Amino acid sequence: MPDARRRRKMACGAFLILSIGAALGAGRVAPQAAAAAGTTSLAVFAAASLTEAFTALGKGMEQRTPGLRVTFNFAGSQQLATQIALGAKADVFASADQRWMDSLRERELLAGTPRAFARNLLVVIVPRANPGHVNQLQDLSRRGVKLVMAAEAVPAGTYGRAVLAKLDRAPGFPATYDAQVLRNVVSEEDSVKGVVTKVQLAEADAGIVYRSDVTPAIAGKVNVIEIPSGYNVVATYPIALVKGTLNADAGGQFIALVLSRAGQRILQDHNFAPLNPP
Amino acid sequence: MGQAHRPLPRSSTAPSPGRRTIAVAVIAATAAALFLALLVLPVLSLLIRSSPADLLRRLTNPLVVQALRLSVVTTCISTAAVVILGLPIVYMLALQEFPGKRLLEIVIDLPMVLPPTVAGVGLLLAFGRAGLAGRVLSALGITVPFTTLAVVFAQMFVAGPFLINTARAGIEEVDAKYLRAAATLRASPAYTFLRVILPLSYPALIAGAAMTWARALGEFGATITFAGNLPGVTQTMPLAVYIALESNLDVAVALSVILLLVSFGLLLALRSVPFTARK
């Protein structure tokens, strides 16, 4: 009987260890499977506004590097920073503003110094059918116009509010322009792509987005109202390796590609402004 | 039990029935413990993270107050609307046979299995400015997306089935002899429903309404897709949790704990209500 009990205990212990091991292992299945297939998987967390440009860059890198798979997590920079701070496995982080890159640097979650790699400008888009009769920036302050912006924590939301504040002092704009426009906001989206969607569906009368968001797929569905350069805000995008990455080499190569002349050309093809203005 | 069925000396490799029972019990207990850990740990972590004093202080944060008020108002309206508009359907499903009944049941159940984001896209395409019904409504000067009304629509869509299914089950349990008695006394169907059936099955109606309310309170995906996110207008508690998580973790935790306590209290209250009236 003691012998049987011991065996029972051992079986029980073995089961526990196995099940805990299985539970812990489940979280690591993907990298192991990838390693078995002889591939490296690079996880790039990038601002939603980089969706098209980075997808193109990633494809180019995969073609040139056999065995490399680049996977992207596109979302509002604030969301990505939160995910990384809470332990998401990212190799590279590309933010649409300095604020969220800094939030990771302060927590010592970055490996290396962030480098600026792109610049972007803001524009106002309105649905082609223009249900709100928005033809110029002044129209945004007209009562009843349905404006959609990114939330304040989202870089596009921060920049957009800064533009509105600047326009208060522009000739031909009322001094309370900023406040009047913000009263017309009907939704604060959690990424700039959410703003694009609402305008594209013609549910919003206007939205404040990046110039790079007016992709070929969107261009036919919206009209663009430019913001005069003196009152626009230049969004600068930093990129960095994330601390604890197991793919520092591939991550470094991706960052190098983004900064290379070829990478910069792809970004400019997607309506980003050159890093060093001529 | 091991004493009564002491294993007979058989082949030494074959496990005895007693031992096998214990092994099964151990496996089952381990499985249950793992599953319970999955359920309980997140709840515990939320509670440990915030002290009651902290929670009370956060309760005065304007964002929290706005979201809480909006959630209470919209969920009460949507629950009341579901009860009023849903009762005729409950009556039909519980007491009548008609062609297409199975199809109607599927239509009613669909929101329970549909991803809420999909519900949001559907609502946008139906009640949006360019949508099927939205075009008619906007001609009448009514806009739904980005308004508090859109929040109510989204909640009604995802939570309605809970009322209909629960109330229907309760009514189906009402003894048919009361209905026959009512019929013999020439009570009209409406009179029978209001004065006989409802008084006999009201606990199920209350339970259904409470579950509808709770589901509406937790609604997220359809709301953020269809109604957008604007503090005070469409930003309900779950949306506020999601948005706060990105900028202020403490506020997100406080909001979560409030939702947790409300849900717990509701389930506790439901336990004390008898599910169906005594017959």
# chains A, B, ... in the order shown; residues from 1 in each chain; ligands from 1
call {"tool": "residues_around", "arguments": {"residues": "Ala111 (chain A)", "least_positions_apart": "5", "cutoff": "10 Å", "atoms": "only C-alpha atoms", "output": "PyMOL selection string"}}
result
chain A and resi 91-92+105+240-245+248
call {"tool": "write_last_selection", "arguments": {"atoms": "C-alpha atoms", "output": "short mmCIF file (atom, residue, chain, number, x, y, z; two decimals), in the first residue's frame"}}
result
data_model
loop_
_atom_site.label_atom_id
_atom_site.label_comp_id
_atom_site.auth_asym_id
_atom_site.auth_seq_id
_atom_site.Cartn_x
_atom_site.Cartn_y
_atom_site.Cartn_z
CA ASP A 91 11.29 43.26 -31.75
CA VAL A 92 10.93 46.71 -33.29
CA ARG A 105 12.58 54.71 -23.04
CA ALA A 240 13.93 51.57 -32.14
CA LEU A 241 14.77 48.00 -31.17
CA VAL A 242 12.80 46.76 -28.19
CA LYS A 243 14.72 45.49 -25.18
CA GLY A 244 14.79 41.73 -24.81
CA THR A 245 14.38 41.07 -28.53
CA ALA A 248 18.34 41.92 -32.72
#
call {"tool": "interface_residues", "arguments": {"of": "chain B", "to": "chain A", "cutoff": "10 Å", "atoms": "only C-alpha atoms", "output": "PyMOL selection string"}}
result
chain B and resi 19-20+22-23+26-27+30-31+34+124-125+128-131+143-147+224-231+233-235+242-249
call {"tool": "closest_residue", "arguments": {"among": "A:Leu182, A:Tyr231, A:Gly172, A:Ala156", "to": "Arg99 (chain A)", "atoms": "only C-alpha atoms"}}
result
A:Ala156
call {"tool": "residues_around", "arguments": {"residues": "Leu56 (chain B)", "least_positions_apart": "2", "cutoff": "12 Å", "atoms": "only C-alpha atoms", "output": "list in words"}}
result
Ser50, Ser51, Pro52, Ala53, Asp54, Arg58, Leu59, Thr60, Asn61, Val64, Val65, Val251, Ala254, Leu255, Val257 and Ile258 of chain B
call {"tool": "residues_around", "arguments": {"residues": "region 162-167 of chain B", "least_positions_apart": "6", "cutoff": "10 Å", "atoms": "only C-alpha atoms", "output": "ChimeraX atom specification"}}
result
/B:79,82-83,86-91,93-94,105,108-109,111-112,198,201-215,275-276
call {"tool": "atom_distance", "arguments": {"atom1": "CA of Glu108 (chain A)", "atom2": "CA of Ala88 (chain A)"}}
result
14.7 Å
call {"tool": "closest_residue", "arguments": {"among": "A:Arg261, A:His270, A:His133, A:Arg143", "to": "Asp205 (chain A)", "atoms": "only C-alpha atoms"}}
result
A:His133
call {"tool": "select_by_dssp", "arguments": {"residues": "region 26-268 of chain A", "states": "alpha helix (DSSP H)", "output": "JSON, numbers by chain"}}
result
{"A": [26, 29, 30, 31, 32, 33, 34, 35, 36, 51, 52, 53, 54, 55, 56, 57, 58, 59, 60, 61, 62, 63, 64, 77, 78, 79, 80, 81, 82, 83, 84, 85, 98, 99, 100, 101, 102, 103, 104, 105, 106, 155, 156, 157, 158, 159, 160, 161, 162, 163, 164, 165, 166, 167, 177, 178, 179, 180, 181, 182, 183, 192, 193, 194, 195, 196, 197, 198, 199, 200, 216, 217, 218, 219, 248, 249, 250, 251, 252, 253, 254, 255, 256, 257, 258, 259, 261, 262, 263, 264, 265, 266, 267, 268]}
call {"tool": "residues_around", "arguments": {"residues": "Glu52 (chain A)", "least_positions_apart": "6", "cutoff": "12 Å", "atoms": "only C-alpha atoms", "output": "list in words"}}
result
Ala46, Gly58, Lys59, Phe72, Phe74, Lys193, Ser212, Asp213, Val214, Thr215, Pro216, Ala217, Ile218, Ile266, Leu267, Gln268, Asp269, His270, Asn271 and Phe272 of chain A
call {"tool": "write_last_selection", "arguments": {"atoms": "N, CA and C atoms", "output": "CSV table (one decimal), in the first residue's frame"}}
result
chain,number,residue,atom,x,y,z
A,46,ALA,N,4.1,48.8,-35.2
A,46,ALA,CA,4.2,50.1,-36.0
A,46,ALA,C,2.9,50.9,-35.9
A,58,GLY,N,8.2,45.4,-45.6
A,58,GLY,CA,8.4,44.1,-45.0
A,58,GLY,C,8.4,43.0,-46.1
A,59,LYS,N,7.6,43.2,-47.1
A,59,LYS,CA,7.6,42.3,-48.3
A,59,LYS,C,8.9,42.3,-49.0
A,72,PHE,N,3.6,42.2,-38.7
A,72,PHE,CA,3.3,43.5,-38.2
A,72,PHE,C,2.1,43.6,-37.2
A,74,PHE,N,-0.1,46.6,-36.4
A,74,PHE,CA,-0.4,48.0,-36.6
A,74,PHE,C,-1.6,48.5,-35.7
A,193,LYS,N,-6.5,55.3,-38.4
A,193,LYS,CA,-7.3,54.5,-39.5
A,193,LYS,C,-8.8,54.5,-39.2
A,212,SER,N,-0.3,60.7,-45.5
A,212,SER,CA,0.0,59.4,-46.0
A,212,SER,C,-1.2,58.4,-45.9
A,213,ASP,N,-2.3,58.9,-45.2
A,213,ASP,CA,-3.5,58.0,-45.1
A,213,ASP,C,-4.3,58.1,-46.3
A,214,VAL,N,-4.1,59.1,-47.2
A,214,VAL,CA,-4.8,59.2,-48.4
A,214,VAL,C,-4.1,58.3,-49.4
A,215,THR,N,-4.3,57.0,-49.2
A,215,THR,CA,-3.7,55.9,-50.1
A,215,THR,C,-4.5,55.8,-51.4
A,216,PRO,N,-3.9,55.2,-52.4
A,216,PRO,CA,-4.7,55.0,-53.7
A,216,PRO,C,-6.1,54.4,-53.4
A,217,ALA,N,-6.2,53.5,-52.5
A,217,ALA,CA,-7.5,52.9,-52.2
A,217,ALA,C,-8.5,53.9,-51.7
A,218,ILE,N,-8.0,54.9,-51.0
A,218,ILE,CA,-8.9,55.9,-50.3
A,218,ILE,C,-9.1,57.1,-51.2
A,266,ILE,N,10.4,54.4,-50.6
A,266,ILE,CA,9.1,53.7,-50.4
A,266,ILE,C,8.2,54.5,-49.5
A,267,LEU,N,8.8,55.1,-48.4
A,267,LEU,CA,8.0,55.9,-47.5
A,267,LEU,C,7.5,57.2,-48.3
A,268,GLN,N,8.3,57.8,-49.1
A,268,GLN,CA,7.9,58.9,-49.9
A,268,GLN,C,6.8,58.6,-50.9
A,269,ASP,N,7.0,57.4,-51.5
A,269,ASP,CA,5.9,56.9,-52.4
A,269,ASP,C,4.6,56.8,-51.7
A,270,HIS,N,4.6,56.6,-50.4
A,270,HIS,CA,3.4,56.5,-49.6
A,270,HIS,C,3.0,57.8,-49.0
A,271,ASN,N,3.5,58.9,-49.6
A,271,ASN,CA,3.1,60.3,-49.2
A,271,ASN,C,3.7,60.7,-47.8
A,272,PHE,N,4.8,60.1,-47.4
A,272,PHE,CA,5.5,60.6,-46.2
A,272,PHE,C,6.4,61.7,-46.7
call {"tool": "closest_residue", "arguments": {"among": "A:Thr197, A:Thr39, A:Val70, A:Ile208", "to": "Phe54 (chain A)", "atoms": "only C-alpha atoms"}}
result
A:Val70
call {"tool": "atom_distance", "arguments": {"atom1": "CA of Leu140 (chain A)", "atom2": "CA of Gln180 (chain A)"}}
result
8.3 Å
call {"tool": "select_by_dssp", "arguments": {"residues": "region 55-272 of chain A", "states": "strand (DSSP E)", "output": "PyMOL selection string"}}
result
chain A and resi 68-75+92-94+110-120+122-127+147-150+185-189+206-210+222-226+235-242
call {"tool": "atom_distance", "arguments": {"atom1": "CA of Leu268 (chain B)", "atom2": "CA of Val196 (chain B)"}}
result
28.4 Å
